[in-house]
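What follows is a short report on a single structure.
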Amino acid sequence: QVQLVESGGGLVQAGGSLRLSCAASGIISSASVMGWYRQAPGKQRELVATMSSGGDVNYADSVLGRFTISRDNAKNTVFLQMNSLKPEDTAVYYCNLHDDIAGRNYWGQGTQVTVSS
């Protein structure tokens, strides 16, 4: 059983920064994609950023240049550095792990990020 534990959310003023962390535990293959999605009230969950175990990254256009994803493969941990935050970044942020070999998808419990104007 794979578990994802997120930390680092909170309340910040517009223009500020936050850093999210997500640690995965359990049996995880060497080939995986870890990343972050977010869901604002009344909206669908959307991709924020992902990073493969090989280092390939993908960002939503809305966060490009402001957010940076990184991961520590040895510790199965993924980070999201969020700078120049905007009120529209307010959402619950979910960590995701897709195990490419097992073909399974896992979600964290979510962490709230609130950006005040």
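Residue names in the structure tokens use chain letters A, B, ... in the order shown, residue numbers from 1 in each chain, and ligand numbers from 1 in the order shown.
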
Quiz prompt | Long-range neighbours of segment 75-79 of chain A as JSON, numbers by chain, 10 Å cut-off, only C-alpha atoms, 3 positions minimum in chain | solution = {"A": [4, 5, 6, 7, 8, 19, 20, 21, 22, 23, 24, 25, 26, 28, 30, 32, 33, 34, 35, 36, 50, 51, 53, 68, 69, 70, 71, 72, 82, 95, 96, 97]}

Atoms kept (N, CA, C and O atoms) for selection, written as a CSV table (one decimal), in the first residue's frame:
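Wrote it out as part.csv, contents follow:
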```csv
chain,number,residue,atom,x,y,z
A,4,LEU,N,0.8,8.7,0.5
A,4,LEU,CA,1.4,10.0,0.2
A,4,LEU,C,1.0,11.0,1.4
A,4,LEU,O,-0.1,11.1,1.7
A,5,VAL,N,2.0,11.6,1.9
A,5,VAL,CA,1.8,12.6,3.0
A,5,VAL,C,2.3,13.9,2.6
A,5,VAL,O,3.5,14.1,2.3
A,6,GLU,N,1.4,14.9,2.5
A,6,GLU,CA,1.8,16.3,2.1
A,6,GLU,C,2.0,17.2,3.3
A,6,GLU,O,1.4,17.0,4.4
A,7,SER,N,2.7,18.2,3.1
A,7,SER,CA,2.9,19.3,4.1
A,7,SER,C,3.3,20.6,3.4
A,7,SER,O,3.7,20.6,2.2
A,8,GLY,N,3.1,21.7,4.1
A,8,GLY,CA,3.6,22.9,3.6
A,8,GLY,C,2.5,23.9,3.2
A,8,GLY,O,2.9,25.1,2.8
A,19,ARG,N,6.3,26.5,0.1
A,19,ARG,CA,6.9,25.3,-0.5
A,19,ARG,C,6.1,24.1,0.0
A,19,ARG,O,6.0,23.9,1.3
A,20,LEU,N,5.6,23.3,-0.9
A,20,LEU,CA,4.9,22.0,-0.6
A,20,LEU,C,5.9,20.8,-0.7
A,20,LEU,O,6.7,20.8,-1.5
A,21,SER,N,5.6,19.9,0.2
A,21,SER,CA,6.4,18.6,0.2
A,21,SER,C,5.4,17.5,0.2
A,21,SER,O,4.3,17.5,0.8
A,22,CYS,N,5.9,16.4,-0.4
A,22,CYS,CA,5.0,15.2,-0.4
A,22,CYS,C,6.0,14.0,-0.4
A,22,CYS,O,6.8,13.8,-1.2
A,23,ALA,N,5.8,13.2,0.7
A,23,ALA,CA,6.6,12.0,0.8
A,23,ALA,C,5.8,10.7,0.6
A,23,ALA,O,4.7,10.6,1.2
A,24,ALA,N,6.3,9.9,-0.3
A,24,ALA,CA,5.6,8.6,-0.6
A,24,ALA,C,6.3,7.5,0.2
A,24,ALA,O,7.5,7.4,0.2
A,25,SER,N,5.4,6.6,0.7
A,25,SER,CA,5.9,5.4,1.4
A,25,SER,C,5.3,4.2,0.9
A,25,SER,O,4.1,4.2,0.4
A,26,GLY,N,5.9,3.0,1.0
A,26,GLY,CA,5.4,1.8,0.4
A,26,GLY,C,6.2,1.3,-0.7
A,26,GLY,O,7.3,1.7,-0.9
A,28,ILE,N,7.2,1.1,-4.3
A,28,ILE,CA,7.1,2.0,-5.4
A,28,ILE,C,8.2,1.6,-6.4
A,28,ILE,O,9.3,1.4,-6.1
A,30,SER,N,10.7,1.9,-9.7
A,30,SER,CA,11.8,2.9,-10.1
A,30,SER,C,11.3,3.8,-11.1
A,30,SER,O,11.9,4.9,-11.3
A,32,SER,N,8.4,6.2,-12.1
A,32,SER,CA,7.1,6.8,-11.7
A,32,SER,C,7.1,8.3,-12.0
A,32,SER,O,8.1,8.9,-12.4
A,33,VAL,N,5.9,8.8,-12.0
A,33,VAL,CA,5.7,10.2,-12.2
A,33,VAL,C,5.1,10.8,-10.9
A,33,VAL,O,4.1,10.2,-10.5
A,34,MET,N,5.7,11.8,-10.3
A,34,MET,CA,5.1,12.4,-9.1
A,34,MET,C,4.8,13.8,-9.5
A,34,MET,O,5.5,14.5,-10.3
A,35,GLY,N,3.7,14.3,-8.9
A,35,GLY,CA,3.4,15.7,-9.2
A,35,GLY,C,2.3,16.3,-8.3
A,35,GLY,O,1.9,15.7,-7.3
A,36,TRP,N,1.8,17.4,-8.7
A,36,TRP,CA,0.9,18.2,-7.9
A,36,TRP,C,-0.3,18.6,-8.8
A,36,TRP,O,-0.1,19.0,-10.0
A,50,THR,N,4.2,18.1,-12.9
A,50,THR,CA,4.6,16.8,-12.7
A,50,THR,C,6.1,16.6,-13.1
A,50,THR,O,6.7,17.4,-13.9
A,51,MET,N,6.7,15.6,-12.5
A,51,MET,CA,8.1,15.3,-12.8
A,51,MET,C,8.3,13.8,-12.8
A,51,MET,O,7.9,13.1,-11.8
A,53,SER,N,10.6,10.2,-12.9
A,53,SER,CA,11.8,9.7,-12.2
A,53,SER,C,13.0,10.0,-13.1
A,53,SER,O,14.1,10.0,-12.5
A,68,THR,N,8.2,25.8,-9.2
A,68,THR,CA,9.2,24.9,-9.6
A,68,THR,C,9.0,23.6,-8.9
A,68,THR,O,8.9,23.5,-7.7
A,69,ILE,N,9.0,22.5,-9.7
A,69,ILE,CA,8.9,21.2,-9.1
A,69,ILE,C,10.2,20.5,-9.0
A,69,ILE,O,11.1,20.7,-9.9
A,70,SER,N,10.5,19.7,-8.0
A,70,SER,CA,11.7,19.0,-7.9
A,70,SER,C,11.4,17.7,-7.1
A,70,SER,O,10.3,17.6,-6.5
A,71,ARG,N,12.3,16.7,-7.2
A,71,ARG,CA,12.0,15.5,-6.5
A,71,ARG,C,13.3,14.8,-6.0
A,71,ARG,O,14.4,15.1,-6.7
A,72,ASP,N,13.2,14.0,-5.0
A,72,ASP,CA,14.3,13.2,-4.5
A,72,ASP,C,13.9,11.8,-4.7
A,72,ASP,O,13.1,11.3,-3.9
A,82,MET,N,6.6,27.4,-4.7
A,82,MET,CA,5.6,28.4,-5.3
A,82,MET,C,6.0,29.8,-5.0
A,82,MET,O,5.9,30.2,-3.8
A,95,CYS,N,-1.0,15.9,-3.9
A,95,CYS,CA,0.1,15.2,-4.4
A,95,CYS,C,-0.4,13.9,-5.1
A,95,CYS,O,-1.3,13.3,-4.7
A,96,ASN,N,0.3,13.6,-6.2
A,96,ASN,CA,-0.1,12.4,-7.0
A,96,ASN,C,1.2,11.6,-7.4
A,96,ASN,O,2.2,12.2,-7.6
A,97,LEU,N,1.0,10.3,-7.3
A,97,LEU,CA,2.1,9.4,-7.8
A,97,LEU,C,1.5,8.4,-8.7
A,97,LEU,O,0.5,7.7,-8.4
```

Quiz item: chain A: which residues are strand (DSSP E or B) by DSSP, as a PyMOL selection string?
Solution: chain A and resi 3-7+10-13+18-25+32-39+46-52+57-59+67-72+77-82+91-99+104-107+111-116

Quiz item: Could you pull the residues within 7 Å of Thr111 of chain A, counting only C-alpha atoms, minus those fewer than 2 positions along the same chain, as a ChimeraX atom specification?
Solution: /A:6-7,9,92-94,109,113

Selected residues written out with all heavy atoms, as a compact mmCIF listing (two decimals), in the first residue's frame:
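Final output, saved to again_30.txt:
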```
# COMPACT_ATOMS: atom_id res chain seq x y z
N GLU A 6 1.42 14.91 2.54
CA GLU A 6 1.76 16.26 2.10
C GLU A 6 1.96 17.18 3.29
O GLU A 6 1.38 16.98 4.36
CB GLU A 6 0.64 16.83 1.21
CG GLU A 6 0.36 16.02 -0.02
CD GLU A 6 -1.13 15.84 -0.24
OE1 GLU A 6 -1.88 15.87 0.75
OE2 GLU A 6 -1.54 15.66 -1.39
N SER A 7 2.74 18.22 3.07
CA SER A 7 2.91 19.26 4.09
C SER A 7 3.29 20.56 3.40
O SER A 7 3.71 20.55 2.23
CB SER A 7 3.98 18.86 5.10
OG SER A 7 5.23 18.68 4.47
N GLY A 9 1.29 23.55 3.18
CA GLY A 9 0.26 24.52 2.79
C GLY A 9 0.08 25.58 3.85
O GLY A 9 0.68 25.54 4.92
N VAL A 92 -7.05 23.56 -2.95
CA VAL A 92 -6.48 22.41 -2.25
C VAL A 92 -5.50 21.76 -3.22
O VAL A 92 -5.87 21.44 -4.35
CB VAL A 92 -7.55 21.41 -1.80
CG1 VAL A 92 -6.91 20.20 -1.13
CG2 VAL A 92 -8.54 22.08 -0.86
N TYR A 93 -4.28 21.57 -2.77
CA TYR A 93 -3.24 20.98 -3.60
C TYR A 93 -3.06 19.52 -3.22
O TYR A 93 -2.88 19.19 -2.04
CB TYR A 93 -1.93 21.75 -3.42
CG TYR A 93 -1.92 23.07 -4.16
CD1 TYR A 93 -2.75 24.11 -3.76
CD2 TYR A 93 -1.13 23.26 -5.29
CE1 TYR A 93 -2.77 25.32 -4.45
CE2 TYR A 93 -1.14 24.47 -5.98
CZ TYR A 93 -1.97 25.48 -5.55
OH TYR A 93 -1.99 26.67 -6.25
N TYR A 94 -3.11 18.67 -4.23
CA TYR A 94 -3.02 17.23 -4.03
C TYR A 94 -1.73 16.69 -4.65
O TYR A 94 -1.41 17.00 -5.81
CB TYR A 94 -4.19 16.52 -4.68
CG TYR A 94 -5.52 16.84 -4.05
CD1 TYR A 94 -6.31 17.88 -4.54
CD2 TYR A 94 -6.01 16.09 -2.98
CE1 TYR A 94 -7.54 18.17 -3.97
CE2 TYR A 94 -7.23 16.38 -2.40
CZ TYR A 94 -8.00 17.42 -2.91
OH TYR A 94 -9.21 17.70 -2.34
N GLN A 109 -3.83 13.36 0.69
CA GLN A 109 -5.08 13.83 1.28
C GLN A 109 -5.38 15.29 0.94
O GLN A 109 -6.50 15.75 1.13
CB GLN A 109 -5.03 13.66 2.81
CG GLN A 109 -4.25 14.74 3.56
CD GLN A 109 -2.75 14.56 3.48
OE1 GLN A 109 -2.24 13.60 2.86
NE2 GLN A 109 -2.01 15.47 4.10
N VAL A 113 -3.97 25.70 0.25
CA VAL A 113 -3.16 26.89 -0.01
C VAL A 113 -4.13 28.04 -0.24
O VAL A 113 -4.99 27.97 -1.11
CB VAL A 113 -2.25 26.71 -1.24
CG1 VAL A 113 -1.59 28.03 -1.62
CG2 VAL A 113 -1.19 25.64 -0.97
```

Quiz prompt | Counting only C-alpha atoms, the residue of A:Ser62, A:Asn105, A:Ser84, A:Gln112 that sits nearest Gln13 of chain A | solution =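 Of all the options, A:Ser84 lies closest to Gln13 of chain A.
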
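Distance annotation: of A:Leu18, A:Thr90, A:Leu11, A:Ile101, the residue with the minimal separation from Phe67 of chain A is A:Leu18; atom set is only C-alpha atoms.
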
Might you pull out every residue within 7 Å of Ser116 of chain A, with only C-alpha atoms counted and same-chain residues fewer than 3 positions away left off, and present them as a PDB file with N, CA, C and O atoms, in the first residue's frame?
```pdb
ATOM      1  N   VAL A  12      -0.975  32.821   2.771  1.00  0.00           N
ATOM      2  CA  VAL A  12       0.089  33.733   2.396  1.00  0.00           C
ATOM      3  C   VAL A  12      -0.508  34.905   1.630  1.00  0.00           C
ATOM      4  O   VAL A  12      -1.560  34.755   0.983  1.00  0.00           O
ATOM      5  N   GLN A  13       0.142  36.048   1.711  1.00  0.00           N
ATOM      6  CA  GLN A  13      -0.318  37.206   0.941  1.00  0.00           C
ATOM      7  C   GLN A  13       0.130  37.091  -0.510  1.00  0.00           C
ATOM      8  O   GLN A  13       1.116  36.409  -0.824  1.00  0.00           O
ATOM      9  N   ALA A  14      -0.605  37.751  -1.374  1.00  0.00           N
ATOM     10  CA  ALA A  14      -0.236  37.772  -2.789  1.00  0.00           C
ATOM     11  C   ALA A  14       1.198  38.265  -2.950  1.00  0.00           C
ATOM     12  O   ALA A  14       1.623  39.200  -2.278  1.00  0.00           O
ATOM     13  N   PRO A  87      -3.946  35.326  -5.847  1.00  0.00           N
ATOM     14  CA  PRO A  87      -5.194  34.827  -5.246  1.00  0.00           C
ATOM     15  C   PRO A  87      -5.801  33.660  -6.032  1.00  0.00           C
ATOM     16  O   PRO A  87      -6.405  32.759  -5.423  1.00  0.00           O
TER      17      PRO A  87
END
```

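Minimum atom-to-atom distance to Asp56 of chain A, evaluated using only C-alpha atoms, belongs to A:Ala31 out of A:Gly108, A:Ala31, A:Ala74, A:Gln44.
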
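Considering the residues A:Gly42, A:Asp89, A:His98, A:Asn73 and counting only C-alpha atoms, Ala60 of chain A has its shortest atom-to-atom contact with A:Asp89.
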